[in-house]
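This is data02.cif. It holds mmCIF, C-alpha atoms and all ligand atoms.
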data_my_file
#
loop_
_atom_site.label_atom_id
_atom_site.label_comp_id
_atom_site.auth_asym_id
_atom_site.auth_seq_id
_atom_site.Cartn_x
_atom_site.Cartn_y
_atom_site.Cartn_z
CA MET A 1 -5.80 -24.66 -38.70
CA LYS A 2 -3.65 -27.75 -38.70
CA THR A 3 -4.98 -29.95 -35.92
CA ARG A 4 -7.98 -28.04 -34.70
CA SER A 5 -11.15 -29.96 -35.44
CA ASP A 6 -14.35 -28.03 -35.05
CA THR A 7 -16.07 -30.08 -32.41
CA PRO A 8 -19.66 -29.28 -31.39
CA ASP A 9 -18.24 -27.82 -28.17
CA LEU A 10 -16.07 -25.42 -30.12
CA GLU A 11 -18.99 -24.41 -32.33
CA ALA A 12 -21.12 -23.79 -29.24
CA ALA A 13 -18.38 -21.68 -27.64
CA ARG A 14 -18.07 -19.59 -30.79
CA ALA A 15 -21.81 -19.01 -30.77
CA LEU A 16 -21.55 -17.72 -27.18
CA ASP A 17 -18.81 -15.30 -28.27
CA ALA A 18 -20.81 -14.13 -31.27
CA ARG A 19 -23.65 -12.83 -29.15
CA ASP A 20 -21.53 -11.30 -26.40
CA ALA A 21 -21.74 -7.52 -26.01
CA LEU A 22 -18.16 -7.29 -24.70
CA ALA A 23 -16.61 -9.37 -27.50
CA PRO A 24 -15.51 -6.30 -29.54
CA PHE A 25 -13.15 -5.26 -26.71
CA ARG A 26 -10.75 -8.06 -27.61
CA ALA A 27 -9.69 -6.07 -30.68
CA ARG A 28 -8.50 -3.26 -28.40
CA PHE A 29 -5.65 -5.49 -27.18
CA VAL A 30 -2.51 -6.72 -28.90
CA ILE A 31 -3.18 -10.35 -29.85
CA SER A 32 0.03 -11.28 -31.62
CA ASP A 33 -0.76 -15.01 -31.77
CA PRO A 34 -4.47 -15.69 -32.28
CA ASP A 35 -3.92 -19.40 -31.58
CA LEU A 36 -2.48 -18.83 -28.13
CA VAL A 37 -5.03 -19.58 -25.38
CA TYR A 38 -4.10 -17.08 -22.68
CA LEU A 39 -5.69 -17.87 -19.33
CA ASP A 40 -3.28 -15.88 -17.19
CA GLY A 41 -4.81 -12.40 -17.29
CA ASN A 42 -5.13 -12.64 -13.50
CA SER A 43 -1.34 -12.62 -13.31
CA LEU A 44 -0.36 -10.32 -16.17
CA GLY A 45 -3.06 -8.64 -18.24
CA ARG A 46 -2.66 -8.18 -21.98
CA LEU A 47 -1.26 -5.05 -23.63
CA PRO A 48 -3.91 -2.56 -24.81
CA HIS A 49 -3.07 -1.02 -28.21
CA ALA A 50 -3.67 2.39 -26.63
CA ALA A 51 -1.03 1.69 -23.98
CA ALA A 52 1.62 1.13 -26.64
CA GLU A 53 0.57 4.39 -28.28
CA ARG A 54 0.46 6.32 -25.01
CA THR A 55 3.92 5.06 -24.08
CA ARG A 56 5.33 6.39 -27.35
CA GLU A 57 3.67 9.75 -26.68
CA VAL A 58 5.08 10.09 -23.19
CA LEU A 59 8.55 9.19 -24.45
CA ALA A 60 8.16 12.04 -26.96
CA GLU A 61 7.08 14.35 -24.12
CA TRP A 62 10.26 13.42 -22.28
CA GLY A 63 12.41 14.03 -25.34
CA GLU A 64 10.82 17.33 -26.26
CA GLY A 65 9.45 18.98 -23.15
CA LEU A 66 12.03 17.69 -20.68
CA ILE A 67 11.54 18.96 -17.14
CA GLY A 68 8.66 21.23 -18.11
CA ASN A 69 6.45 18.14 -18.23
CA TRP A 70 6.33 17.85 -14.46
CA ASN A 71 4.07 20.88 -14.26
CA ALA A 72 2.28 19.96 -17.49
CA GLY A 73 0.69 16.83 -16.09
CA TRP A 74 3.31 14.34 -14.95
CA MET A 75 3.22 15.31 -11.27
CA ASP A 76 -0.54 14.97 -11.21
CA LEU A 77 -0.61 11.39 -12.56
CA PRO A 78 -0.89 9.57 -9.18
CA ARG A 79 -3.95 11.63 -8.23
CA ARG A 80 -5.56 11.82 -11.67
CA LEU A 81 -5.30 8.06 -12.27
CA GLY A 82 -6.43 7.50 -8.69
CA GLU A 83 -9.68 9.28 -9.53
CA LYS A 84 -10.26 6.79 -12.33
CA VAL A 85 -9.42 3.74 -10.24
CA ALA A 86 -11.76 5.11 -7.55
CA LEU A 87 -14.62 4.57 -10.01
CA LEU A 88 -13.63 0.91 -10.35
CA VAL A 89 -13.45 0.23 -6.61
CA GLY A 90 -16.39 2.23 -5.30
CA ALA A 91 -14.38 4.99 -3.66
CA ASP A 92 -14.65 8.76 -3.88
CA ALA A 93 -12.27 10.64 -6.16
CA ASP A 94 -10.09 11.89 -3.29
CA GLU A 95 -9.65 8.48 -1.68
CA VAL A 96 -7.39 6.66 -4.17
CA LEU A 97 -3.81 7.27 -5.32
CA LEU A 98 -1.48 5.33 -7.59
CA ALA A 99 1.91 4.79 -6.01
CA ASP A 100 4.63 2.25 -5.40
CA SER A 101 3.84 -1.48 -5.47
CA THR A 102 1.02 -3.34 -3.73
CA SER A 103 3.50 -4.73 -1.19
CA VAL A 104 4.91 -1.30 -0.34
CA ASN A 105 1.44 0.23 -0.06
CA LEU A 106 0.36 -2.61 2.22
CA PHE A 107 3.36 -1.89 4.44
CA LYS A 108 2.62 1.84 4.55
CA LEU A 109 -1.07 1.44 5.36
CA SER A 110 -0.68 -1.37 7.88
CA VAL A 111 2.05 0.41 9.87
CA ALA A 112 -0.11 3.56 9.81
CA ALA A 113 -3.10 1.54 11.07
CA LEU A 114 -1.10 -0.10 13.88
CA ARG A 115 0.22 3.25 15.09
CA ALA A 116 -3.34 4.57 15.10
CA ARG A 117 -4.44 1.71 17.41
CA PRO A 118 -1.59 1.73 19.95
CA GLY A 119 -3.42 -0.20 22.68
CA ARG A 120 -4.20 -3.21 20.47
CA ARG A 121 -1.66 -5.91 19.76
CA THR A 122 -3.01 -8.23 17.11
CA VAL A 123 -3.40 -8.24 13.34
CA VAL A 124 -5.76 -10.92 12.01
CA SER A 125 -5.49 -12.47 8.56
CA ASP A 126 -6.04 -15.90 7.06
CA ASP A 127 -3.95 -18.42 5.17
CA LEU A 128 -5.92 -17.82 1.96
CA ASN A 129 -4.18 -14.46 1.84
CA PHE A 130 -1.29 -13.96 -0.56
CA PRO A 131 1.82 -15.17 1.33
CA SER A 132 3.68 -11.97 0.49
CA ASP A 133 0.92 -10.04 2.25
CA LEU A 134 1.60 -12.11 5.38
CA TYR A 135 5.32 -11.36 5.12
CA VAL A 136 4.59 -7.65 4.76
CA LEU A 137 2.14 -7.70 7.69
CA ARG A 138 4.83 -9.29 9.90
CA ALA A 139 7.31 -6.66 8.73
CA ALA A 140 4.75 -3.96 9.54
CA LEU A 141 4.27 -5.42 13.03
CA ALA A 142 8.02 -5.36 13.60
CA ALA A 143 8.25 -1.77 12.33
CA ALA A 144 5.37 -0.63 14.54
CA GLY A 145 7.21 -2.08 17.55
CA GLY A 146 5.91 -3.42 20.84
CA GLN A 147 4.76 -6.95 21.58
CA ARG A 148 2.49 -7.33 18.60
CA ARG A 149 1.65 -10.41 16.58
CA LEU A 150 -0.05 -11.71 13.48
CA ARG A 151 -2.82 -14.31 13.84
CA VAL A 152 -3.30 -16.31 10.66
CA ILE A 153 -6.60 -18.18 10.76
CA PRO A 154 -6.30 -21.43 8.80
CA SER A 155 -8.77 -22.40 6.11
CA PRO A 156 -10.14 -25.92 6.60
CA ASP A 157 -9.72 -26.88 2.93
CA GLY A 158 -7.60 -24.22 1.23
CA ILE A 159 -10.70 -23.10 -0.68
CA LEU A 160 -13.10 -21.45 1.78
CA PRO A 161 -12.21 -19.40 4.87
CA SER A 162 -12.66 -20.79 8.34
CA PRO A 163 -16.26 -20.46 9.57
CA ASP A 164 -14.67 -19.12 12.77
CA LEU A 165 -12.72 -16.34 11.07
CA GLN A 166 -14.78 -13.53 12.56
CA ASP A 167 -14.50 -14.98 16.09
CA ALA A 168 -10.83 -14.01 15.91
CA PHE A 169 -11.71 -10.30 15.71
CA GLN A 170 -11.43 -9.36 19.35
CA ALA A 171 -10.82 -6.48 21.73
CA ASP A 172 -7.08 -6.82 21.12
CA THR A 173 -7.37 -6.67 17.31
CA ALA A 174 -5.88 -3.53 15.78
CA LEU A 175 -6.31 -4.50 12.15
CA VAL A 176 -7.96 -7.15 10.02
CA ALA A 177 -6.17 -7.57 6.68
CA LEU A 178 -7.49 -9.95 4.02
CA SER A 179 -7.41 -10.55 0.29
CA HIS A 180 -10.85 -9.75 -1.08
CA THR A 181 -10.57 -12.40 -3.81
CA THR A 182 -8.03 -14.97 -2.69
CA PHE A 183 -5.30 -15.88 -5.14
CA LYS A 184 -5.52 -19.66 -4.99
CA SER A 185 -9.19 -20.59 -4.90
CA ALA A 186 -10.74 -17.26 -6.03
CA TYR A 187 -12.92 -17.34 -2.90
CA THR A 188 -14.26 -13.81 -2.49
CA HIS A 189 -14.97 -12.55 0.99
CA HIS A 190 -18.25 -10.74 1.70
CA MET A 191 -16.64 -7.33 2.02
CA ALA A 192 -19.41 -5.51 3.86
CA ALA A 193 -20.11 -8.32 6.35
CA VAL A 194 -16.47 -8.93 7.24
CA THR A 195 -15.79 -5.20 7.52
CA ALA A 196 -18.78 -4.78 9.84
CA ALA A 197 -17.48 -7.62 12.05
CA ALA A 198 -14.02 -6.01 12.22
CA HIS A 199 -15.62 -2.72 13.20
CA ARG A 200 -17.74 -4.37 15.91
CA ALA A 201 -14.46 -5.47 17.47
CA GLY A 202 -13.11 -1.93 17.16
CA ALA A 203 -10.50 -2.92 14.57
CA LEU A 204 -9.59 -1.24 11.31
CA MET A 205 -10.25 -3.19 8.10
CA LEU A 206 -7.79 -3.39 5.20
CA TRP A 207 -8.63 -5.15 1.94
CA ASP A 208 -6.16 -6.26 -0.71
CA VAL A 209 -8.26 -6.08 -3.87
CA SER A 210 -5.48 -7.13 -6.27
CA HIS A 211 -7.44 -10.15 -7.50
CA SER A 212 -10.84 -8.49 -7.67
CA ALA A 213 -10.19 -4.96 -8.97
CA GLY A 214 -11.32 -4.74 -12.58
CA ALA A 215 -12.96 -8.17 -12.45
CA LEU A 216 -15.93 -7.50 -10.22
CA PRO A 217 -17.72 -4.50 -8.72
CA ILE A 218 -16.10 -3.38 -5.46
CA ARG A 219 -17.80 -0.92 -3.13
CA LEU A 220 -15.11 0.10 -0.65
CA ARG A 221 -16.98 3.13 0.68
CA GLU A 222 -20.35 1.47 0.89
CA ALA A 223 -18.78 -1.51 2.69
CA GLY A 224 -17.19 0.86 5.20
CA ALA A 225 -13.66 -0.32 4.36
CA ASP A 226 -10.98 1.75 6.07
CA LEU A 227 -7.99 0.91 3.91
CA ALA A 228 -7.27 -0.95 0.69
CA VAL A 229 -4.43 -1.73 -1.67
CA GLY A 230 -4.50 -3.26 -5.14
CA CYS A 231 -2.55 -4.18 -8.18
CA CYS A 232 -2.74 -2.62 -11.67
CA TYR A 233 -1.03 -5.28 -13.77
CA LYS A 234 -3.67 -8.02 -13.41
CA TYR A 235 -7.26 -7.27 -14.49
CA LEU A 236 -6.42 -3.57 -14.93
CA ASN A 237 -4.01 -4.42 -17.77
CA GLY A 238 -1.55 -1.77 -16.61
CA GLY A 239 1.65 -3.54 -17.68
CA PRO A 240 4.35 -5.57 -15.93
CA GLY A 241 5.16 -4.07 -12.55
CA ALA A 242 2.63 -1.25 -13.05
CA PRO A 243 2.30 1.10 -10.07
CA ALA A 244 -0.27 -0.08 -7.55
CA PHE A 245 -3.04 1.85 -5.84
CA LEU A 246 -3.98 2.61 -2.27
CA TYR A 247 -7.26 3.71 -0.71
CA VAL A 248 -7.76 5.47 2.60
CA ARG A 249 -11.30 6.32 3.71
CA ARG A 250 -11.56 10.11 3.74
CA GLU A 251 -12.48 10.36 7.44
CA LEU A 252 -9.23 8.59 8.37
CA GLN A 253 -6.79 10.36 6.10
CA ASN A 254 -5.65 13.07 8.49
CA ALA A 255 -5.51 10.66 11.42
CA LEU A 256 -2.95 8.36 9.78
CA ASP A 257 0.71 8.97 9.03
CA ASN A 258 2.77 7.51 6.23
CA PRO A 259 5.64 5.54 7.83
CA ILE A 260 7.74 6.12 4.70
CA ALA A 261 7.48 9.87 4.92
CA GLY A 262 9.00 11.44 1.84
CA TRP A 263 9.04 14.77 0.14
CA LEU A 264 6.09 14.21 -2.20
CA GLY A 265 3.83 13.44 0.74
CA CYS A 266 4.91 16.61 2.41
CA GLU A 267 2.75 19.71 2.69
CA ASP A 268 4.90 21.74 0.30
CA PRO A 269 7.60 19.59 -1.34
CA PHE A 270 9.22 22.44 -3.19
CA ARG A 271 9.81 24.51 -0.09
CA PHE A 272 12.51 21.95 0.74
CA ALA A 273 11.98 22.52 4.44
CA PRO A 274 14.30 20.48 6.69
CA GLU A 275 11.31 19.25 8.79
CA TYR A 276 8.59 17.03 7.36
CA ALA A 277 4.99 18.21 7.66
CA PRO A 278 2.43 15.85 6.12
CA ALA A 279 0.16 17.12 3.36
CA PRO A 280 -3.47 17.29 4.40
CA GLY A 281 -5.58 14.44 3.01
CA LEU A 282 -4.50 11.47 0.96
CA ARG A 283 -1.40 12.98 -0.66
CA ARG A 284 0.59 12.27 2.52
CA PHE A 285 0.67 8.63 1.37
CA LEU A 286 2.91 9.48 -1.54
CA THR A 287 6.59 9.05 -0.83
CA GLY A 288 8.83 9.78 -3.81
CA THR A 289 8.78 10.75 -7.46
CA PRO A 290 6.04 9.06 -9.51
CA PRO A 291 7.15 6.51 -12.18
CA VAL A 292 5.83 8.51 -15.13
CA LEU A 293 6.37 5.98 -17.93
CA SER A 294 4.67 3.19 -16.01
CA LEU A 295 1.80 5.40 -14.90
CA ALA A 296 1.21 6.58 -18.46
CA ALA A 297 1.21 2.99 -19.70
CA ALA A 298 -1.34 2.01 -17.04
CA GLU A 299 -3.98 4.58 -17.94
CA PRO A 300 -5.42 3.00 -21.13
CA GLY A 301 -6.13 -0.31 -19.38
CA ILE A 302 -8.08 1.52 -16.70
CA ASP A 303 -9.95 3.50 -19.36
CA LEU A 304 -10.96 0.32 -21.18
CA LEU A 305 -12.56 -1.05 -18.01
CA LEU A 306 -14.41 2.21 -17.40
CA GLU A 307 -15.66 2.15 -20.97
CA ALA A 308 -16.85 -1.46 -20.73
CA GLY A 309 -18.35 -1.01 -17.24
CA VAL A 310 -17.39 -3.30 -14.36
CA GLU A 311 -20.95 -4.64 -14.04
CA ARG A 312 -20.84 -5.92 -17.61
CA VAL A 313 -17.34 -7.30 -17.08
CA ARG A 314 -18.59 -9.18 -14.03
CA ALA A 315 -21.61 -10.60 -15.89
CA ARG A 316 -19.32 -12.06 -18.56
CA SER A 317 -16.83 -13.26 -15.97
CA VAL A 318 -19.55 -15.20 -14.14
CA ALA A 319 -20.80 -16.69 -17.41
CA GLN A 320 -17.25 -17.74 -18.31
CA THR A 321 -16.31 -19.25 -14.94
CA GLU A 322 -19.68 -21.06 -14.86
CA TYR A 323 -18.87 -22.40 -18.32
CA LEU A 324 -15.48 -23.67 -17.10
CA ILE A 325 -17.03 -25.37 -14.09
CA ALA A 326 -19.69 -27.06 -16.22
CA ARG A 327 -17.01 -28.33 -18.61
CA TRP A 328 -14.88 -29.49 -15.66
CA GLU A 329 -17.80 -31.48 -14.34
CA ARG A 330 -18.47 -33.18 -17.66
CA ASP A 331 -14.99 -33.58 -19.17
CA LEU A 332 -12.26 -33.10 -16.59
CA GLN A 333 -13.52 -34.56 -13.34
CA PRO A 334 -13.48 -38.09 -14.84
CA LEU A 335 -9.77 -37.54 -15.62
CA GLY A 336 -8.80 -36.82 -12.02
CA TYR A 337 -9.13 -33.04 -11.93
CA THR A 338 -10.72 -31.63 -8.78
CA LEU A 339 -12.49 -28.28 -8.46
CA LYS A 340 -10.69 -26.02 -5.98
CA SER A 341 -12.82 -22.91 -6.37
CA PRO A 342 -16.21 -22.13 -4.81
CA ARG A 343 -19.27 -23.40 -6.72
CA ASP A 344 -21.27 -20.35 -5.65
CA ALA A 345 -20.62 -17.63 -8.24
CA GLU A 346 -21.43 -14.98 -5.66
CA ARG A 347 -18.36 -16.04 -3.64
CA ARG A 348 -16.05 -16.63 -6.60
CA GLY A 349 -13.75 -14.17 -8.37
CA SER A 350 -12.64 -14.40 -11.98
CA HIS A 351 -10.55 -17.54 -12.02
CA VAL A 352 -11.24 -21.23 -11.64
CA THR A 353 -8.69 -23.43 -9.95
CA LEU A 354 -8.36 -27.10 -10.74
CA GLY A 355 -6.27 -29.51 -8.74
CA HIS A 356 -4.46 -32.50 -10.18
CA PRO A 357 -1.61 -34.53 -8.68
CA GLU A 358 0.36 -33.86 -11.88
CA GLY A 359 -0.59 -30.15 -11.89
CA LEU A 360 2.90 -28.77 -12.42
CA ARG A 361 3.78 -31.08 -15.29
CA ILE A 362 0.33 -30.60 -16.84
CA SER A 363 0.83 -26.81 -16.78
CA ARG A 364 4.16 -27.25 -18.55
CA ALA A 365 2.76 -29.54 -21.19
CA LEU A 366 -0.12 -27.13 -21.79
CA ALA A 367 2.17 -24.17 -22.39
CA ASP A 368 4.76 -26.11 -24.36
CA ARG A 369 2.73 -28.52 -26.48
CA MET A 370 -0.79 -27.10 -26.60
CA ARG A 371 -0.26 -23.32 -26.77
CA VAL A 372 -2.38 -22.92 -23.65
CA VAL A 373 -1.12 -20.66 -20.86
CA PRO A 374 -2.70 -21.19 -17.45
CA ASP A 375 -0.68 -20.57 -14.34
CA PHE A 376 0.34 -22.85 -11.59
CA ARG A 377 0.42 -22.37 -7.84
CA LEU A 378 1.93 -24.94 -5.52
CA PRO A 379 1.18 -27.61 -4.57
CA ASP A 380 -1.17 -28.67 -7.38
CA ASN A 381 -3.31 -25.70 -8.42
CA ILE A 382 -3.88 -24.99 -12.09
CA ARG A 383 -5.48 -21.56 -12.27
CA LEU A 384 -7.60 -20.68 -15.30
CA GLY A 385 -7.94 -16.92 -15.33
CA VAL A 386 -10.83 -15.28 -17.11
CA ALA A 387 -10.27 -11.65 -18.18
CA PRO A 388 -13.61 -10.83 -19.80
CA LEU A 389 -12.34 -7.94 -21.92
CA TYR A 390 -10.38 -10.35 -24.06
CA THR A 391 -10.92 -13.95 -22.93
CA THR A 392 -13.24 -15.77 -25.33
CA PHE A 393 -15.47 -18.79 -24.75
CA GLU A 394 -13.60 -20.38 -27.65
CA GLU A 395 -10.35 -20.07 -25.70
CA LEU A 396 -12.01 -21.70 -22.72
CA ALA A 397 -13.31 -24.56 -24.86
CA ARG A 398 -9.86 -25.08 -26.35
CA GLY A 399 -8.28 -24.87 -22.91
CA VAL A 400 -10.58 -27.59 -21.57
CA GLU A 401 -9.84 -29.77 -24.61
CA ALA A 402 -6.12 -29.37 -23.98
CA LEU A 403 -6.43 -30.15 -20.26
CA ALA A 404 -8.27 -33.34 -21.17
CA ARG A 405 -5.82 -34.37 -23.85
CA VAL A 406 -2.70 -33.81 -21.75
CA VAL A 407 -4.01 -36.29 -19.18
CA ARG A 408 -5.69 -38.73 -21.56
CA GLU A 409 -2.49 -39.09 -23.60
CA ARG A 410 -0.15 -38.59 -20.62
CA LEU A 411 1.68 -35.81 -22.48
CA TYR A 412 2.95 -34.50 -19.14
CA ASP A 413 5.22 -37.55 -18.83
CA ALA A 414 7.81 -35.75 -20.94
CA TYR A 415 8.32 -32.98 -18.34
CA PRO A 416 10.38 -32.87 -15.16
CA ARG A 417 8.80 -32.60 -11.71
CA GLU A 418 11.07 -29.79 -10.53
CA ARG A 419 9.83 -26.23 -10.45
CA ARG A 420 11.85 -23.49 -12.13
CA GLY A 421 11.50 -19.74 -12.61
CA VAL A 422 8.21 -17.83 -12.71
CA THR A 423 5.11 -20.05 -12.77
C1 LIG B 1 -0.54 -9.71 -7.23
C2 LIG B 1 -0.70 -9.49 -5.78
C3 LIG B 1 0.24 -8.73 -5.08
C4 LIG B 1 1.44 -8.21 -5.80
O1 LIG B 1 2.25 -7.41 -5.03
P1 LIG B 1 3.51 -6.70 -5.71
O2 LIG B 1 3.96 -5.75 -4.70
O3 LIG B 1 3.04 -6.06 -6.98
O4 LIG B 1 4.51 -7.75 -6.04
C5 LIG B 1 0.02 -8.52 -3.73
N1 LIG B 1 -1.06 -9.03 -3.11
C6 LIG B 1 -1.99 -9.77 -3.76
C7 LIG B 1 -3.17 -10.31 -3.05
C8 LIG B 1 -1.82 -10.03 -5.13
O5 LIG B 1 -2.71 -10.77 -5.78
#
In structure tokens, what does this structure look like?
Amino acid sequence: MKTRSDTPDLEAARALDARDALAPFRARFVISDPDLVYLDGNSLGRLPHAAAERTREVLAEWGEGLIGNWNAGWMDLPRRLGEKVALLVGADADEVLLADSTSVNLFKLSVAALRARPGRRTVVSDDLNFPSDLYVLRAALAAAGGQRRLRVIPSPDGILPSPDLQDAFQADTALVALSHTTFKSAYTHHMAAVTAAAHRAGALMLWDVSHSAGALPIRLREAGADLAVGCCYKYLNGGPGAPAFLYVRRELQNALDNPIAGWLGCEDPFRFAPEYAPAPGLRRFLTGTPPVLSLAAAEPGIDLLLEAGVERVRARSVAQTEYLIARWERDLQPLGYTLKSPRDAERRGSHVTLGHPEGLRISRALADRMRVVPDFRLPDNIRLGVAPLYTTFEELARGVEALARVVRERLYDAYPRERRGVT
């Protein structure tokens, strides 16, 4: 390569890749530019070769079989893929469905939860949660009616949750809704402990596992979680805007009602009865026709994770985020970068966030000049996402080199301070 010198760090990173059991999975993804360092798999996962193939097949099904395909498998996709995702999130096969987007599923489940706890007026969350989740929770409170409110417990540092978070779960709490792995710092809540605290207060517990699903083992059932939602286009590599998933603990399914009642959640959709009667079990949380092309494209990414095994994915993710933190300490801290993720691997998801006063311009220079793609979250967070099925230690080493160079040589000076478009 033109400018790439093989430093001892790069050699060492390559040696780590060479003895990694998961390394062969990288070849299962489309890597159109081997020199691009892609550290944004936590925002949009890469395209599996099998997904491109599967998409062509389902287009052929459409062309050839037309409407007959609904009974030949298409209608069953939300349930059948839900069974597979259930294996990734520690749920039983009849507790997960693919449907809608994460935001819409969050709305459906939180309104359902509020209506199931009519005497309680408060939803508790924290400000490490994804802002959109807070918007949706407020919208759910408004839809559920009554004098209800959202309590957002502030984090003291934007990295760890408030030590008083669980004190906010009280007799008036209907629902606790949190991101399992938080999007900025990657702090990962102790799912079983927080769920138990919510239950002691008599509240229902809803987890958004968008940033942890496919990156670390999740045990929704074992933790006693009541409800969960999650995203398929991040670590699940399901494709841009892939349908999301929802989980409802079996014991609760018949006690909750979908606030967006639609025909596919109805007992017998093809009876076309004028009155809605909910299907027994989880299917009542479907609303309308499943997005077949997107569901088909999402399946191979899920299959790859099942083949690799989430425990092995997690082991590599921890090794890779530990590597990044060690390199930050040695090479980046002296250049003004701060660590904005937990040091304790147990409490950290699969990305490492670095702060720098010039974060936005650094991110731009990285993508534009260095062929390194991190992502950026206001005000100054540079997120380095590790997706162990295809992220290599070599990429991490090159990413760290680039982060150092952009600051050392002030390459960010050439870029404007204003934000634009998707970051
Ligand atoms: C990515 C993400 C979402 C995305 O929601 P969409 O409805 O797909 O836009 C929601 N919540 C969290 C915590 C996320 O990380």
Give me the chain A side of the contact with ligand LIG 1 (chain B), cut-off 8 Å, one line per residue showing its nearest atom pair and distance in Å at one decimal, counting all atoms listed in the file, sorted by chain and residue number, as JSON lines.
{"residue": "A:Ser43", "atom": "CA", "partner": "B:LIG1", "partner_atom": "C1", "distance": 6.8}
{"residue": "A:Ser101", "atom": "CA", "partner": "B:LIG1", "partner_atom": "O2", "distance": 4.3}
{"residue": "A:Thr102", "atom": "CA", "partner": "B:LIG1", "partner_atom": "O2", "distance": 3.9}
{"residue": "A:Ser103", "atom": "CA", "partner": "B:LIG1", "partner_atom": "O2", "distance": 3.7}
{"residue": "A:Val104", "atom": "CA", "partner": "B:LIG1", "partner_atom": "O2", "distance": 6.3}
{"residue": "A:Asn105", "atom": "CA", "partner": "B:LIG1", "partner_atom": "O2", "distance": 8.0}
{"residue": "A:Asn129", "atom": "CA", "partner": "B:LIG1", "partner_atom": "C7", "distance": 6.5}
{"residue": "A:Phe130", "atom": "CA", "partner": "B:LIG1", "partner_atom": "C7", "distance": 4.8}
{"residue": "A:Ser132", "atom": "CA", "partner": "B:LIG1", "partner_atom": "C5", "distance": 6.6}
{"residue": "A:Asp133", "atom": "CA", "partner": "B:LIG1", "partner_atom": "N1", "distance": 5.8}
{"residue": "A:Ser179", "atom": "CA", "partner": "B:LIG1", "partner_atom": "C7", "distance": 5.4}
{"residue": "A:His180", "atom": "CA", "partner": "B:LIG1", "partner_atom": "C7", "distance": 7.9}
{"residue": "A:Thr181", "atom": "CA", "partner": "B:LIG1", "partner_atom": "C7", "distance": 7.7}
{"residue": "A:Thr182", "atom": "CA", "partner": "B:LIG1", "partner_atom": "C7", "distance": 6.7}
{"residue": "A:Phe183", "atom": "CA", "partner": "B:LIG1", "partner_atom": "O5", "distance": 5.8}
{"residue": "A:Asp208", "atom": "CA", "partner": "B:LIG1", "partner_atom": "C7", "distance": 5.6}
{"residue": "A:Val209", "atom": "CA", "partner": "B:LIG1", "partner_atom": "C7", "distance": 6.7}
{"residue": "A:Ser210", "atom": "CA", "partner": "B:LIG1", "partner_atom": "O5", "distance": 4.6}
{"residue": "A:His211", "atom": "CA", "partner": "B:LIG1", "partner_atom": "O5", "distance": 5.1}
{"residue": "A:Gly230", "atom": "CA", "partner": "B:LIG1", "partner_atom": "N1", "distance": 7.0}
{"residue": "A:Cys231", "atom": "CA", "partner": "B:LIG1", "partner_atom": "C1", "distance": 6.0}
{"residue": "A:Tyr233", "atom": "CA", "partner": "B:LIG1", "partner_atom": "C1", "distance": 7.9}
{"residue": "A:Lys234", "atom": "CA", "partner": "B:LIG1", "partner_atom": "C1", "distance": 7.1}
{"residue": "A:Gly241", "atom": "CA", "partner": "B:LIG1", "partner_atom": "O3", "distance": 6.3}
{"residue": "A:Ala242", "atom": "CA", "partner": "B:LIG1", "partner_atom": "O3", "distance": 7.8}
{"residue": "A:Pro243", "atom": "CA", "partner": "B:LIG1", "partner_atom": "O3", "distance": 7.8}
{"residue": "A:Ala244", "atom": "CA", "partner": "B:LIG1", "partner_atom": "O3", "distance": 6.9}
Write out as a PyMOL selection string the residues lying within 12 Å of His190 of chain A, counting all atoms listed in the file and excluding same-chain residues fewer than 6 positions away. chain A and resi 160-161+166+178-182+196-197+207+218-220+223+225+346-349
Rounded to one decimal place, report the atom CA of Leu59 of chain A-atom CA of Asn71 of chain A distance in Å.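 If I compute the distance from atom CA of Leu59 of chain A to atom CA of Asn71 of chain A, I get 16.1 Å.
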Give me, as a Markdown table, each residue of segment 108-203 of chain A that comes within 10 Å of segment 258-279 of chain A, together with its shortest interatomic pair and the distance in Å at one decimal, counting all atoms listed in the file, with rows ordered by chain and rising residue number.
| residue | atom | partner | partner_atom | distance |
| --- | --- | --- | --- | --- |
| A:Lys108 | CA | A:Pro259 | CA | 5.8 |
| A:Leu109 | CA | A:Asn258 | CA | 7.2 |
| A:Ser110 | CA | A:Pro259 | CA | 9.4 |
| A:Val111 | CA | A:Pro259 | CA | 6.6 |
| A:Ala112 | CA | A:Asn258 | CA | 6.1 |
| A:Ala113 | CA | A:Asn258 | CA | 9.7 |
| A:Arg115 | CA | A:Pro259 | CA | 9.3 |
| A:Ala140 | CA | A:Pro259 | CA | 9.7 |
| A:Ala143 | CA | A:Pro259 | CA | 9.0 |
| A:Ala144 | CA | A:Pro259 | CA | 9.1 |
Residues from last step as file, C-alpha atoms, as a tab-separated table (two decimals), in the frame of the given file:
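Now in out16.tsv:
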chain	number	residue	atom	x	y	z
A	108	LYS	CA	2.62	1.84	4.55
A	109	LEU	CA	-1.07	1.44	5.36
A	110	SER	CA	-0.68	-1.37	7.88
A	111	VAL	CA	2.05	0.41	9.87
A	112	ALA	CA	-0.11	3.56	9.81
A	113	ALA	CA	-3.10	1.54	11.07
A	115	ARG	CA	0.22	3.25	15.09
A	140	ALA	CA	4.75	-3.96	9.54
A	143	ALA	CA	8.25	-1.77	12.33
A	144	ALA	CA	5.37	-0.63	14.54
Do you have, as JSON lines, the list of residues of segment 96-177 of chain A lying at most 12 Å from segment 368-390 of chain A, each with its nearest atom pair and that distance in Å to one decimal, counting all atoms listed in the file and ordered by chain then number?
{"residue": "A:Phe130", "atom": "CA", "partner": "A:Arg377", "partner_atom": "CA", "distance": 11.3}
{"residue": "A:Pro131", "atom": "CA", "partner": "A:Arg377", "partner_atom": "CA", "distance": 11.7}
{"residue": "A:Gly158", "atom": "CA", "partner": "A:Asn381", "partner_atom": "CA", "distance": 10.7}
{"residue": "A:Ile159", "atom": "CA", "partner": "A:Asn381", "partner_atom": "CA", "distance": 11.0}
